[in-house]
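Asker: Just coords-v9.cif, nothing more (mmCIF, C-alpha atoms and all ligand atoms):
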data_input
#
loop_
_atom_site.label_atom_id
_atom_site.label_comp_id
_atom_site.auth_asym_id
_atom_site.auth_seq_id
_atom_site.Cartn_x
_atom_site.Cartn_y
_atom_site.Cartn_z
CA MET E 1 -20.14 45.37 5.35
CA ASN E 2 -21.69 47.63 7.96
CA MET E 3 -25.19 46.13 8.03
CA LYS E 4 -26.40 49.05 10.19
CA LYS E 5 -25.97 51.31 7.18
CA VAL E 6 -27.59 49.18 4.44
CA GLY E 7 -31.15 49.78 3.20
CA PHE E 8 -34.29 48.29 4.77
CA GLY E 9 -34.63 45.64 2.03
CA SER E 10 -31.07 44.36 2.60
CA LYS E 11 -31.63 44.33 6.35
CA ALA E 12 -34.89 42.39 5.97
CA VAL E 13 -33.10 39.78 3.86
CA HIS E 14 -29.91 39.37 5.90
CA LEU E 15 -30.27 40.43 9.52
CA GLY E 16 -30.75 37.92 12.28
CA GLN E 17 -29.72 34.95 10.20
CA ASP E 18 -26.34 33.18 10.31
CA PHE E 19 -25.30 30.42 7.97
CA ASP E 20 -25.35 27.11 9.81
CA LEU E 21 -21.83 26.58 11.17
CA LYS E 22 -22.21 22.81 11.40
CA THR E 23 -23.23 22.10 7.80
CA GLY E 24 -22.85 25.38 5.92
CA ALA E 25 -26.56 25.24 5.07
CA HIS E 26 -27.50 28.52 3.40
CA ASN E 27 -30.95 28.56 4.92
CA SER E 28 -31.22 28.19 8.68
CA PRO E 29 -32.12 24.66 9.76
CA ILE E 30 -35.27 24.10 11.78
CA TYR E 31 -34.34 22.53 15.12
CA GLN E 32 -37.52 20.50 15.55
CA THR E 33 -36.73 19.33 19.06
CA SER E 34 -38.43 19.84 22.40
CA THR E 35 -35.32 19.67 24.54
CA TYR E 36 -31.55 20.22 24.36
CA VAL E 37 -28.80 18.03 25.79
CA PHE E 38 -26.31 19.55 28.27
CA ASP E 39 -22.60 18.65 28.33
CA ASN E 40 -22.70 18.68 32.09
CA VAL E 41 -24.86 19.79 34.98
CA ASP E 42 -23.00 23.12 35.36
CA ASP E 43 -24.13 24.02 31.82
CA ALA E 44 -27.68 23.06 32.76
CA ILE E 45 -27.54 25.37 35.80
CA ARG E 46 -25.99 28.21 33.78
CA PHE E 47 -28.50 27.92 30.89
CA ASN E 48 -31.45 27.68 33.23
CA LYS E 49 -30.33 30.85 35.06
CA ASP E 50 -29.72 32.73 31.83
CA GLN E 51 -31.83 31.53 28.94
CA GLU E 52 -30.00 33.88 26.57
CA SER E 53 -26.76 31.91 27.02
CA GLY E 54 -27.94 28.69 25.35
CA TYR E 55 -30.90 26.45 24.63
CA THR E 56 -32.59 24.21 27.16
CA TYR E 57 -36.21 23.66 26.15
CA THR E 58 -38.22 24.93 23.18
CA ARG E 59 -40.89 26.60 25.34
CA PHE E 60 -38.18 28.99 26.60
CA ARG E 61 -36.19 29.60 23.43
CA SER E 62 -35.22 27.94 20.13
CA PRO E 63 -32.68 28.89 17.44
CA SER E 64 -35.45 29.80 14.96
CA GLU E 65 -37.22 31.89 17.61
CA ALA E 66 -33.91 33.63 18.40
CA GLU E 67 -33.25 34.41 14.72
CA LEU E 68 -36.72 35.79 14.09
CA SER E 69 -36.66 37.87 17.28
CA LYS E 70 -33.26 39.31 16.39
CA LYS E 71 -34.39 40.20 12.86
CA VAL E 72 -37.51 42.03 14.03
CA ALA E 73 -35.65 43.74 16.92
CA LEU E 74 -33.00 45.05 14.49
CA LEU E 75 -35.63 46.26 12.00
CA GLU E 76 -37.44 48.03 14.84
CA ASN E 77 -34.20 49.57 16.20
CA GLY E 78 -34.86 47.85 19.52
CA GLU E 79 -32.42 46.26 21.95
CA ALA E 80 -34.04 42.84 22.00
CA GLY E 81 -37.05 40.85 20.82
CA ILE E 82 -39.02 37.75 21.63
CA SER E 83 -41.31 35.76 19.35
CA LEU E 84 -44.44 34.01 20.52
CA GLY E 85 -47.10 31.66 19.20
CA SER E 86 -49.58 34.35 18.10
CA GLY E 87 -50.07 38.11 18.05
CA LEU E 88 -52.43 37.76 21.00
CA GLY E 89 -49.85 35.61 22.82
CA ALA E 90 -47.39 38.46 22.30
CA ILE E 91 -49.88 41.11 23.48
CA SER E 92 -51.11 39.22 26.56
CA THR E 93 -47.63 38.11 27.65
CA ALA E 94 -46.18 41.62 27.19
CA ILE E 95 -49.02 43.28 29.11
CA MET E 96 -48.93 40.70 31.92
CA THR E 97 -45.19 41.34 32.29
CA LEU E 98 -45.95 44.97 33.10
CA VAL E 99 -49.23 44.98 35.07
CA LYS E 100 -50.64 43.20 38.10
CA GLY E 101 -53.92 43.36 40.03
CA GLY E 102 -54.56 46.91 41.26
CA ASP E 103 -52.68 48.52 38.36
CA HIS E 104 -54.41 50.58 35.69
CA ILE E 105 -54.18 50.53 31.91
CA VAL E 106 -55.04 53.40 29.59
CA ALA E 107 -55.96 51.87 26.25
CA SER E 108 -57.20 53.13 22.95
CA ASP E 109 -60.98 52.83 22.50
CA VAL E 110 -60.50 51.21 19.08
CA LEU E 111 -58.43 48.04 19.17
CA TYR E 112 -58.48 44.61 17.59
CA GLY E 113 -61.53 42.91 19.15
CA CYS E 114 -59.66 40.19 21.08
CA THR E 115 -57.22 42.75 22.53
CA LEU E 116 -60.22 44.70 23.84
CA THR E 117 -61.69 41.51 25.31
CA LEU E 118 -58.35 40.75 26.99
CA ILE E 119 -58.35 44.18 28.69
CA GLU E 120 -62.08 44.52 29.38
CA GLU E 121 -62.95 40.96 30.41
CA ILE E 122 -59.88 38.84 31.19
CA LEU E 123 -57.41 41.20 32.88
CA SER E 124 -60.20 43.02 34.73
CA ASP E 125 -61.15 39.68 36.34
CA TYR E 126 -57.65 39.71 37.85
CA GLY E 127 -58.16 43.21 39.26
CA VAL E 128 -56.46 45.19 36.49
CA GLU E 129 -58.33 48.46 36.01
CA PHE E 130 -58.62 50.20 32.66
CA THR E 131 -59.85 53.35 30.94
CA LEU E 132 -60.53 53.39 27.20
CA VAL E 133 -59.83 56.71 25.47
CA ASP E 134 -59.51 58.17 22.02
CA THR E 135 -55.70 58.28 21.90
CA THR E 136 -55.80 60.99 19.20
CA ASP E 137 -57.21 63.29 21.91
CA HIS E 138 -54.16 64.14 24.02
CA ASP E 139 -56.16 65.90 26.74
CA ALA E 140 -58.29 62.75 27.09
CA VAL E 141 -55.11 60.64 27.43
CA LYS E 142 -53.77 63.00 30.11
CA ALA E 143 -57.09 62.96 31.97
CA ALA E 144 -57.27 59.16 31.88
CA ILE E 145 -53.88 58.63 33.51
CA GLN E 146 -54.10 57.77 37.22
CA PRO E 147 -51.41 57.32 39.90
CA ASN E 148 -51.60 53.52 39.35
CA THR E 149 -51.42 53.69 35.50
CA LYS E 150 -48.62 51.41 34.40
CA ILE E 151 -49.15 51.32 30.65
CA VAL E 152 -50.71 53.19 27.76
CA TYR E 153 -51.67 50.68 25.09
CA LEU E 154 -52.53 51.60 21.50
CA GLU E 155 -52.66 50.48 17.89
CA THR E 156 -51.63 52.81 15.12
CA PRO E 157 -53.00 52.62 12.48
CA CYS E 158 -55.81 51.07 14.49
CA ASN E 159 -58.02 48.16 13.55
CA PRO E 160 -60.46 48.74 11.90
CA THR E 161 -60.92 52.53 11.69
CA LEU E 162 -57.35 53.40 10.62
CA LYS E 163 -57.07 56.17 13.21
CA ILE E 164 -53.47 57.34 13.60
CA THR E 165 -52.13 58.13 17.09
CA ASP E 166 -49.19 60.50 17.55
CA ILE E 167 -46.75 58.03 19.15
CA LYS E 168 -44.24 60.74 20.12
CA ARG E 169 -46.80 62.96 21.88
CA VAL E 170 -48.57 60.11 23.69
CA SER E 171 -45.19 58.71 24.80
CA GLU E 172 -44.22 62.11 26.24
CA ILE E 173 -47.52 62.30 28.16
CA ALA E 174 -47.22 58.72 29.45
CA HIS E 175 -43.59 59.12 30.47
CA GLU E 176 -44.35 62.30 32.45
CA HIS E 177 -46.49 60.00 34.62
CA GLY E 178 -44.09 57.05 34.71
CA ALA E 179 -46.23 54.85 32.43
CA LYS E 180 -44.83 52.73 29.61
CA VAL E 181 -46.20 52.90 26.06
CA LEU E 182 -46.96 49.73 24.13
CA VAL E 183 -47.73 50.08 20.42
CA ASP E 184 -49.31 47.35 18.34
CA SER E 185 -47.78 48.21 14.96
CA THR E 186 -49.25 45.24 13.07
CA PHE E 187 -51.01 47.41 10.42
CA ALA E 188 -47.74 49.20 9.64
CA SER E 189 -44.92 46.63 9.90
CA PRO E 190 -41.37 47.88 10.59
CA TYR E 191 -41.15 49.03 6.96
CA ILE E 192 -43.71 51.75 7.58
CA GLN E 193 -42.97 52.91 11.13
CA ASN E 194 -40.62 52.34 14.05
CA PRO E 195 -42.52 53.25 17.25
CA LEU E 196 -39.44 52.90 19.49
CA ASP E 197 -37.70 55.68 17.54
CA LEU E 198 -40.69 57.89 18.36
CA GLY E 199 -40.45 57.24 22.11
CA ALA E 200 -42.60 54.13 22.66
CA ASP E 201 -41.21 51.52 25.06
CA VAL E 202 -42.50 48.36 23.44
CA VAL E 203 -43.59 47.47 19.91
CA ILE E 204 -45.74 44.44 19.18
CA HIS E 205 -46.57 42.72 15.90
CA SER E 206 -49.00 40.02 14.96
CA ALA E 207 -46.46 38.31 12.69
CA THR E 208 -49.44 36.42 11.25
CA LYS E 209 -49.99 39.51 9.08
CA TYR E 210 -47.44 41.58 7.13
CA LEU E 211 -44.28 40.09 8.68
CA SER E 212 -44.98 36.61 7.32
CA GLY E 213 -47.19 37.96 4.53
CA HIS E 214 -48.55 34.74 3.04
CA GLY E 215 -51.30 33.76 5.46
CA ASN E 216 -49.56 30.50 6.32
CA VAL E 217 -48.69 30.96 10.00
CA VAL E 218 -49.94 32.43 13.30
CA ALA E 219 -47.21 34.19 15.29
CA GLY E 220 -46.31 37.33 17.28
CA VAL E 221 -43.23 39.37 18.16
CA VAL E 222 -42.47 41.82 21.00
CA VAL E 223 -39.52 44.23 20.87
CA GLY E 224 -38.23 46.43 23.71
CA SER E 225 -35.34 46.90 26.11
CA LYS E 226 -33.11 43.92 26.95
CA GLU E 227 -34.28 44.02 30.55
CA PHE E 228 -37.97 43.98 29.58
CA ILE E 229 -37.59 41.19 27.00
CA ARG E 230 -35.68 39.10 29.58
CA LYS E 231 -38.68 39.44 31.92
CA VAL E 232 -41.15 38.60 29.14
CA ARG E 233 -39.21 35.37 28.55
CA MET E 234 -38.58 34.47 32.19
CA PRO E 235 -40.87 33.92 33.96
CA HIS E 236 -43.81 35.08 31.80
CA LEU E 237 -43.44 33.16 28.54
CA GLN E 238 -41.92 30.30 30.52
CA THR E 239 -45.08 29.98 32.60
CA LEU E 240 -47.85 31.36 30.39
CA GLY E 241 -46.54 29.20 27.57
CA ALA E 242 -47.53 31.08 24.40
CA VAL E 243 -44.55 29.50 22.66
CA ILE E 244 -43.81 29.74 18.95
CA SER E 245 -42.86 26.48 17.26
CA PRO E 246 -39.46 26.38 15.51
CA PHE E 247 -41.22 25.71 12.21
CA ASP E 248 -43.56 28.69 12.56
CA ALA E 249 -40.66 31.00 13.48
CA TRP E 250 -38.81 29.75 10.40
CA VAL E 251 -41.85 30.38 8.17
CA VAL E 252 -42.10 33.99 9.40
CA MET E 253 -38.34 34.43 8.74
CA GLN E 254 -38.80 33.32 5.13
CA GLY E 255 -41.70 35.72 4.60
CA MET E 256 -39.79 38.62 6.08
CA LYS E 257 -37.10 38.49 3.43
CA THR E 258 -39.57 40.07 0.97
CA LEU E 259 -41.08 42.52 3.45
CA GLU E 260 -39.85 45.64 1.64
CA LEU E 261 -40.99 44.44 -1.80
CA ARG E 262 -44.40 43.48 -0.50
CA MET E 263 -44.90 46.65 1.55
CA GLU E 264 -43.99 48.89 -1.39
CA ARG E 265 -46.67 47.16 -3.46
CA HIS E 266 -49.22 47.13 -0.60
CA CYS E 267 -48.75 50.92 -0.23
CA GLU E 268 -48.95 51.59 -3.97
CA ASN E 269 -52.06 49.41 -4.41
CA GLY E 270 -53.61 50.73 -1.17
CA MET E 271 -53.46 54.33 -2.43
CA LYS E 272 -55.00 53.49 -5.82
CA VAL E 273 -57.81 51.40 -4.32
CA ALA E 274 -58.56 54.10 -1.71
CA GLU E 275 -58.83 56.72 -4.47
CA TYR E 276 -61.10 54.43 -6.51
CA LEU E 277 -63.40 53.81 -3.51
CA ASN E 278 -63.43 57.50 -2.62
CA ASP E 279 -64.97 58.28 -6.02
CA HIS E 280 -67.54 55.44 -5.96
CA PRO E 281 -71.18 56.61 -5.54
CA ALA E 282 -72.11 53.65 -3.27
CA VAL E 283 -69.35 54.54 -0.80
CA GLU E 284 -70.13 57.02 1.97
CA LYS E 285 -66.66 57.43 3.45
CA VAL E 286 -63.15 55.99 3.04
CA TYR E 287 -60.73 55.61 5.95
CA TYR E 288 -57.18 55.57 4.59
CA PRO E 289 -54.32 57.63 6.05
CA GLY E 290 -53.01 58.42 2.55
CA LEU E 291 -56.11 60.44 1.61
CA PRO E 292 -55.79 64.18 2.31
CA GLU E 293 -59.22 64.18 4.03
CA HIS E 294 -58.10 61.57 6.62
CA PRO E 295 -58.12 63.49 9.95
CA GLN E 296 -54.53 62.48 10.75
CA HIS E 297 -53.14 62.63 7.20
CA GLU E 298 -50.44 65.18 8.10
CA LEU E 299 -49.36 63.12 11.13
CA ALA E 300 -49.32 59.96 8.99
CA LYS E 301 -47.01 61.70 6.49
CA LYS E 302 -44.64 62.57 9.34
CA GLN E 303 -44.82 59.38 11.37
CA MET E 304 -45.08 56.74 8.64
CA ASN E 305 -42.98 55.77 5.63
CA GLY E 306 -45.99 55.01 3.39
CA PHE E 307 -49.69 54.59 4.15
CA GLY E 308 -49.97 50.81 3.98
CA GLY E 309 -52.48 48.43 2.47
CA MET E 310 -55.33 48.62 4.99
CA ILE E 311 -58.50 50.53 4.08
CA SER E 312 -61.92 50.72 5.71
CA PHE E 313 -64.96 52.22 4.01
CA ASP E 314 -68.60 52.86 4.89
CA LEU E 315 -71.22 51.75 2.39
CA LYS E 316 -74.27 54.00 1.97
CA GLY E 317 -76.55 50.93 2.22
CA GLY E 318 -75.50 50.07 5.82
CA PHE E 319 -75.39 46.55 7.31
CA GLU E 320 -77.26 44.84 4.43
CA ALA E 321 -74.98 46.44 1.86
CA GLY E 322 -71.93 45.27 3.83
CA LYS E 323 -73.20 41.69 3.79
CA ALA E 324 -74.19 41.91 0.11
CA LEU E 325 -70.74 43.18 -0.87
CA MET E 326 -69.08 40.27 0.95
CA ASN E 327 -71.22 37.87 -1.07
CA SER E 328 -70.37 39.55 -4.36
CA VAL E 329 -66.55 39.48 -4.52
CA ASP E 330 -64.80 36.95 -6.73
CA MET E 331 -60.95 37.06 -6.71
CA ILE E 332 -60.95 38.80 -3.32
CA SER E 333 -61.45 36.44 -0.35
CA ILE E 334 -63.88 37.01 2.53
CA ALA E 335 -61.59 36.47 5.51
CA THR E 336 -60.84 38.10 8.84
CA SER E 337 -57.06 38.24 8.61
CA LEU E 338 -54.91 40.87 6.90
CA GLY E 339 -51.44 41.59 5.53
CA ASN E 340 -51.46 38.71 3.06
CA VAL E 341 -50.21 38.87 -0.51
CA ASP E 342 -53.81 38.29 -1.60
CA THR E 343 -56.59 40.81 -1.05
CA LEU E 344 -58.97 40.01 1.83
CA ILE E 345 -62.27 41.67 2.67
CA GLN E 346 -64.39 41.65 5.83
CA HIS E 347 -67.56 43.33 7.02
CA SER E 348 -66.37 44.50 10.45
CA PRO E 349 -69.81 44.67 12.22
CA SER E 350 -70.71 41.09 11.29
CA MET E 351 -67.20 39.64 11.52
CA SER E 352 -64.33 41.06 13.69
CA HIS E 353 -66.57 43.27 15.89
CA PHE E 354 -69.75 41.15 15.90
CA ASP E 355 -69.84 40.88 19.71
CA MET E 356 -70.33 44.63 20.23
CA THR E 357 -73.80 46.20 20.01
CA PRO E 358 -74.48 48.57 17.09
CA GLU E 359 -74.46 51.45 19.62
CA GLU E 360 -71.07 50.38 21.04
CA ARG E 361 -69.68 50.10 17.51
CA ALA E 362 -71.08 53.48 16.48
CA ALA E 363 -69.50 55.11 19.55
CA VAL E 364 -66.02 54.18 18.29
CA GLY E 365 -66.71 54.85 14.60
CA ILE E 366 -67.44 51.31 13.40
CA ASN E 367 -70.51 51.99 11.28
CA GLU E 368 -72.94 49.26 10.25
CA GLY E 369 -71.92 49.37 6.58
CA GLN E 370 -68.21 49.39 7.37
CA VAL E 371 -66.02 47.09 5.31
CA ARG E 372 -62.31 46.49 5.87
CA LEU E 373 -60.07 45.69 2.96
CA SER E 374 -56.55 44.29 3.22
CA VAL E 375 -55.22 45.23 -0.19
CA GLY E 376 -52.87 42.57 -1.52
CA VAL E 377 -50.03 42.67 -4.02
CA GLU E 378 -52.01 41.47 -7.06
CA ASN E 379 -52.17 43.75 -10.11
CA VAL E 380 -54.18 46.70 -8.86
CA GLU E 381 -56.40 46.83 -11.99
CA ASP E 382 -57.65 43.34 -11.08
CA ILE E 383 -58.40 44.29 -7.47
CA ILE E 384 -60.31 47.37 -8.65
CA SER E 385 -62.13 45.42 -11.35
CA ASP E 386 -63.25 42.80 -8.78
CA LEU E 387 -64.44 45.55 -6.41
CA ASP E 388 -66.21 47.33 -9.26
CA SER E 389 -68.20 44.25 -10.27
CA ALA E 390 -68.92 43.41 -6.61
CA LEU E 391 -70.20 46.94 -5.86
CA ASP E 392 -72.47 46.75 -8.95
CA LEU E 393 -73.82 43.37 -7.86
CA MET E 394 -74.27 44.62 -4.30
CA GLU E 395 -76.38 47.56 -5.51
CA LYS E 396 -78.63 45.20 -7.49
CA LYS E 397 -79.03 42.88 -4.47
CA ILE E 398 -80.07 45.60 -2.02
CA LYS E 399 -82.40 47.52 -4.40
C1 LIG E 401 -53.95 44.79 15.06
C2 LIG E 401 -53.94 43.37 15.48
N1 LIG E 401 -53.20 42.99 16.53
C3 LIG E 401 -53.17 41.71 16.97
C4 LIG E 401 -53.90 40.73 16.33
C5 LIG E 401 -53.86 39.31 16.85
O1 LIG E 401 -52.95 38.58 16.14
P1 LIG E 401 -52.99 36.97 16.05
O2 LIG E 401 -54.20 36.62 15.26
O3 LIG E 401 -51.70 36.66 15.39
O4 LIG E 401 -53.07 36.46 17.44
C6 LIG E 401 -54.68 41.05 15.23
C7 LIG E 401 -55.46 40.02 14.53
O5 LIG E 401 -56.19 40.29 13.59
C8 LIG E 401 -54.70 42.42 14.79
O6 LIG E 401 -55.44 42.80 13.74
#
Could you write out this structure as structure tokens?
Ligand SMILES: Cc1ncc(COP(=O)(O)O)c(C=O)c1O
Answerer:
Amino acid sequence: MNMKKVGFGSKAVHLGQDFDLKTGAHNSPIYQTSTYVFDNVDDAIRFNKDQESGYTYTRFRSPSEAELSKKVALLENGEAGISLGSGLGAISTAIMTLVKGGDHIVASDVLYGCTLTLIEEILSDYGVEFTLVDTTDHDAVKAAIQPNTKIVYLETPCNPTLKITDIKRVSEIAHEHGAKVLVDSTFASPYIQNPLDLGADVVIHSATKYLSGHGNVVAGVVVGSKEFIRKVRMPHLQTLGAVISPFDAWVVMQGMKTLELRMERHCENGMKVAEYLNDHPAVEKVYYPGLPEHPQHELAKKQMNGFGGMISFDLKGGFEAGKALMNSVDMISIATSLGNVDTLIQHSPSMSHFDMTPEERAAVGINEGQVRLSVGVENVEDIISDLDSALDLMEKKIK
């Protein structure tokens, strides 16, 4: 069967995985070993020169890592992929493969907090310059690019304000200046968008989220050209060491088999919950790309295959209301992660973005009463009923 022509669900189930030739095991075995034995020293020399030709040591490559990377690369229509021990491991290793001291990064002004810290505090200590811009403002992106700009880095949809960046347009602008575009597509997953098809050079996922889907693993994947992925592996992953364990890679592989099913339900539930919140009197504003009033709704319709399960909303009662809502949910869990089968809630100013000042948060649209919801795959009536009771309770608490 031509697996290039089958649907996304079939690809997510089958691609990247071969039945074990040695035993016929239907599910891939986990090679829980640190090192691999060579037949002879010539093999050792060959494998060490070209890690893609065999296995030498689990920090460089393992069969489970290879299977997971191939699956994600195929779903992203990329030439090659590499899996790492966390989303941040994937982000830092990919960026450090492309920039060195004296280079400049243009990055979106709203990013996952630790990614911002990496750019603003860690890489800058090594002499990497940066400019943060609103990547939905194309003139601002153009103006931020300098002769030494090597990459434009963005998330779309971004965490936590759900801003959507036009990947095609930003890629055209970056490429005119010789810069590469890296897209963190964690909020979307390959079911919802394929940034490489839109002109981006590299796509990154925190596989901790939708790819694995069950909140049972921390992992990351990078997809790009063969040449780039080869460099990420050798010498960057080899020396920076953000390795994924064979077991964790295997866990992500299992989760990915149901990616289409889960994403369909996340999108369906996300839309209904966003509409419910939009009509609630205690809610000031809802940020969800599926709502017609979202500033990039038309772009989202064009660029994405569904609007996903991530929603942010501002509560009229500000910071205290945000905290009170957290303490009022029942079935929904207060947790900072996302993309799980179960619904998770967080108050962004006191949780993921606690280390910014209120003024810094306000400047990038993270208001003090802003709550982020990762809508799970439970029955949507139950999610809404839990939110309804929690919002009632919250109003009583802050009166
Ligand atoms: C958009 C985004 N990218 C990257 C990460 C980091 O992923 P990990 O926790 O797997 O390192 C996160 C974590 O929440 C995230 O939300």
Asker: So how far away is atom CA of E:Ile383 from atom CA of E:Ala207, in Å?
Answerer: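 Going from atom CA of E:Ala207 over to atom CA of E:Ile383, I get 24.2 Å.
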Asker: Just the residues within 12 Å of E:Leu84, please, counting all atoms listed in the file, with nothing from its chain fewer than 4 positions along; format it as number ranges by chain.
Answerer: E: 58-62, 64-66, 68-69, 88-94, 204-208, 217-223, 229, 232-233, 236-238, 240-246, 248-249, 252
Asker: Could you name the residues that touch stretch 4-11 of chain E at 8 Å or less, counting only C-alpha atoms, but leaving out those on the same chain fewer than 2 positions away, as a list in words?
Answerer: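 Contacts, in chain order: Asn2, Val13, His14, Leu15, Leu75, Tyr191, Lys257, Thr258, Leu259, Glu260 and Leu261 of chain E.
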Asker: List as a list of chain:residue names the residues having at least one atom at most 7 Å from position (-79.9, 49.5, -1.1) as given in the file, counting only C-alpha atoms.
Answerer: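 The distance filter leaves exactly E:Gly317, E:Ala321, E:Glu395, E:Ile398, E:Lys399.
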Asker: Counting all atoms listed in the file, figure out which residue out of E:Gly54, E:Pro281, E:Pro349, E:Gly16 gets nearest to E:Phe319.
Answerer: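 Checking each of E:Gly54, E:Pro281, E:Pro349, E:Gly16 against E:Phe319, counting all atoms listed in the file, the winner is E:Pro349.
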Asker: Could you tell me how far atom CA of E:Val286 sits from atom CA of E:Leu344, in Å to one decimal place?
Answerer: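 Here the two named atoms are 16.6 Å from each other.
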Asker: Leaving out E:Leu162 and any residue of its chain fewer than 4 positions from it, which residues lie within 12 Å of it when counting only C-alpha atoms, given as an NGL selection string?
Answerer: :E and (110-112 or 136 or 155-158 or 185-188 or 286-291 or 294-297 or 300 or 307-313 or 364-366 or 371-374)
Asker: Create the file for the chosen residues now, containing C-alpha atoms and written as a short mmCIF file (atom, residue, chain, number, x, y, z; two decimals), in the coordinates of the input.
Answerer:
data_model
loop_
_atom_site.label_atom_id
_atom_site.label_comp_id
_atom_site.auth_asym_id
_atom_site.auth_seq_id
_atom_site.Cartn_x
_atom_site.Cartn_y
_atom_site.Cartn_z
CA VAL E 110 -60.50 51.21 19.08
CA LEU E 111 -58.43 48.04 19.17
CA TYR E 112 -58.48 44.61 17.59
CA THR E 136 -55.80 60.99 19.20
CA GLU E 155 -52.66 50.48 17.89
CA THR E 156 -51.63 52.81 15.12
CA PRO E 157 -53.00 52.62 12.48
CA CYS E 158 -55.81 51.07 14.49
CA SER E 185 -47.78 48.21 14.96
CA THR E 186 -49.25 45.24 13.07
CA PHE E 187 -51.01 47.41 10.42
CA ALA E 188 -47.74 49.20 9.64
CA VAL E 286 -63.15 55.99 3.04
CA TYR E 287 -60.73 55.61 5.95
CA TYR E 288 -57.18 55.57 4.59
CA PRO E 289 -54.32 57.63 6.05
CA GLY E 290 -53.01 58.42 2.55
CA LEU E 291 -56.11 60.44 1.61
CA HIS E 294 -58.10 61.57 6.62
CA PRO E 295 -58.12 63.49 9.95
CA GLN E 296 -54.53 62.48 10.75
CA HIS E 297 -53.14 62.63 7.20
CA ALA E 300 -49.32 59.96 8.99
CA PHE E 307 -49.69 54.59 4.15
CA GLY E 308 -49.97 50.81 3.98
CA GLY E 309 -52.48 48.43 2.47
CA MET E 310 -55.33 48.62 4.99
CA ILE E 311 -58.50 50.53 4.08
CA SER E 312 -61.92 50.72 5.71
CA PHE E 313 -64.96 52.22 4.01
CA VAL E 364 -66.02 54.18 18.29
CA GLY E 365 -66.71 54.85 14.60
CA ILE E 366 -67.44 51.31 13.40
CA VAL E 371 -66.02 47.09 5.31
CA ARG E 372 -62.31 46.49 5.87
CA LEU E 373 -60.07 45.69 2.96
CA SER E 374 -56.55 44.29 3.22
#
Asker: Give me, please, the distance in Å between atom CA of E:Ile30 and atom CA of E:Arg230, quoted to one decimal.
Answerer: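 According to the coordinates, atom CA of E:Ile30 and atom CA of E:Arg230 are separated by 23.3 Å.
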Asker: Considering only C-alpha atoms and all ligand atoms, state which residue in the set E:Glu172, E:Asp103, E:Glu129, E:Asp184 is at the smallest distance from ligand LIG 401 (chain E).
Answerer: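 Counting only C-alpha atoms and all ligand atoms, the residue closest to ligand LIG 401 (chain E) is E:Asp184.
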Asker: Given the choices E:Ala363, E:Leu299, E:Leu74, E:Ala282, which gets closest to E:Leu132 if the distance is worked out from all atoms listed in the file?
Answerer: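 Checking each candidate against E:Leu132, we get E:Ala363 as the closest.
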Asker: Which polymer residues have any atom within 10 Å of an atom of E:Ser328, counting all atoms listed in the file, with same-chain residues fewer than 6 positions away left out, as number ranges by chain?
Answerer: E: 334, 386-387, 389-394, 397
Asker: Would you compute an axis-aligned box for stretch 55-72 of chain E, covering every atom listed for it in the file with 3 Å of margin on each side, and report centre and edge lengths in Å to one decimal as AutoDock Vina command-line options?
Answerer:
--center_x -35.9 --center_y 32.8 --center_z 20.0 --size_x 16.0 --size_y 24.4 --size_z 20.3
Asker: For each of E:Ser348, E:Phe19, E:Ile384, E:Ala179, take the minimum atom-to-atom distance to ligand LIG 401 (chain E), counting all atoms listed in the file, then give the residue where this is smallest.
Answerer: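 Checking each candidate against ligand LIG 401 (chain E), we get E:Ser348 as the closest.
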Asker: My list of candidates is E:Val181, E:Ala12, E:Leu118, E:Leu98. Which is closest to ligand LIG 401 (chain E) when distances are computed with all atoms listed in the file?
Answerer: E:Leu118
Asker: Between E:Gly178, E:Pro190, E:Gly127, E:Gly339, which residue has the minimum interatomic distance to ligand LIG 401 (chain E), considering all atoms listed in the file?
Answerer: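 Closest to ligand LIG 401 (chain E) of all the choices is E:Gly339.
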Asker: Find the residues near E:Thr117: any atom within 12 Å, counting all atoms listed in the file, skip ones fewer than 2 places away on the same chain, and give them as a PDB file with C-alpha atoms, in the coordinates of the input.
Answerer:
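Below is the file that was written, selection27.pdb:
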ATOM      1  CA  LEU E  88     -52.430  37.760  21.000  1.00  0.00           C
ATOM      2  CA  ILE E  91     -49.880  41.110  23.480  1.00  0.00           C
ATOM      3  CA  SER E  92     -51.110  39.220  26.560  1.00  0.00           C
ATOM      4  CA  ALA E 107     -55.960  51.870  26.250  1.00  0.00           C
ATOM      5  CA  ASP E 109     -60.980  52.830  22.500  1.00  0.00           C
ATOM      6  CA  VAL E 110     -60.500  51.210  19.080  1.00  0.00           C
ATOM      7  CA  LEU E 111     -58.430  48.040  19.170  1.00  0.00           C
ATOM      8  CA  TYR E 112     -58.480  44.610  17.590  1.00  0.00           C
ATOM      9  CA  GLY E 113     -61.530  42.910  19.150  1.00  0.00           C
ATOM     10  CA  CYS E 114     -59.660  40.190  21.080  1.00  0.00           C
ATOM     11  CA  THR E 115     -57.220  42.750  22.530  1.00  0.00           C
ATOM     12  CA  ILE E 119     -58.350  44.180  28.690  1.00  0.00           C
ATOM     13  CA  GLU E 120     -62.080  44.520  29.380  1.00  0.00           C
ATOM     14  CA  GLU E 121     -62.950  40.960  30.410  1.00  0.00           C
ATOM     15  CA  ILE E 122     -59.880  38.840  31.190  1.00  0.00           C
ATOM     16  CA  LEU E 123     -57.410  41.200  32.880  1.00  0.00           C
ATOM     17  CA  SER E 124     -60.200  43.020  34.730  1.00  0.00           C
ATOM     18  CA  ASP E 125     -61.150  39.680  36.340  1.00  0.00           C
ATOM     19  CA  PHE E 130     -58.620  50.200  32.660  1.00  0.00           C
ATOM     20  CA  SER E 352     -64.330  41.060  13.690  1.00  0.00           C
ATOM     21  CA  HIS E 353     -66.570  43.270  15.890  1.00  0.00           C
ATOM     22  CA  ASP E 355     -69.840  40.880  19.710  1.00  0.00           C
ATOM     23  CA  MET E 356     -70.330  44.630  20.230  1.00  0.00           C
TER      24      MET E 356
END
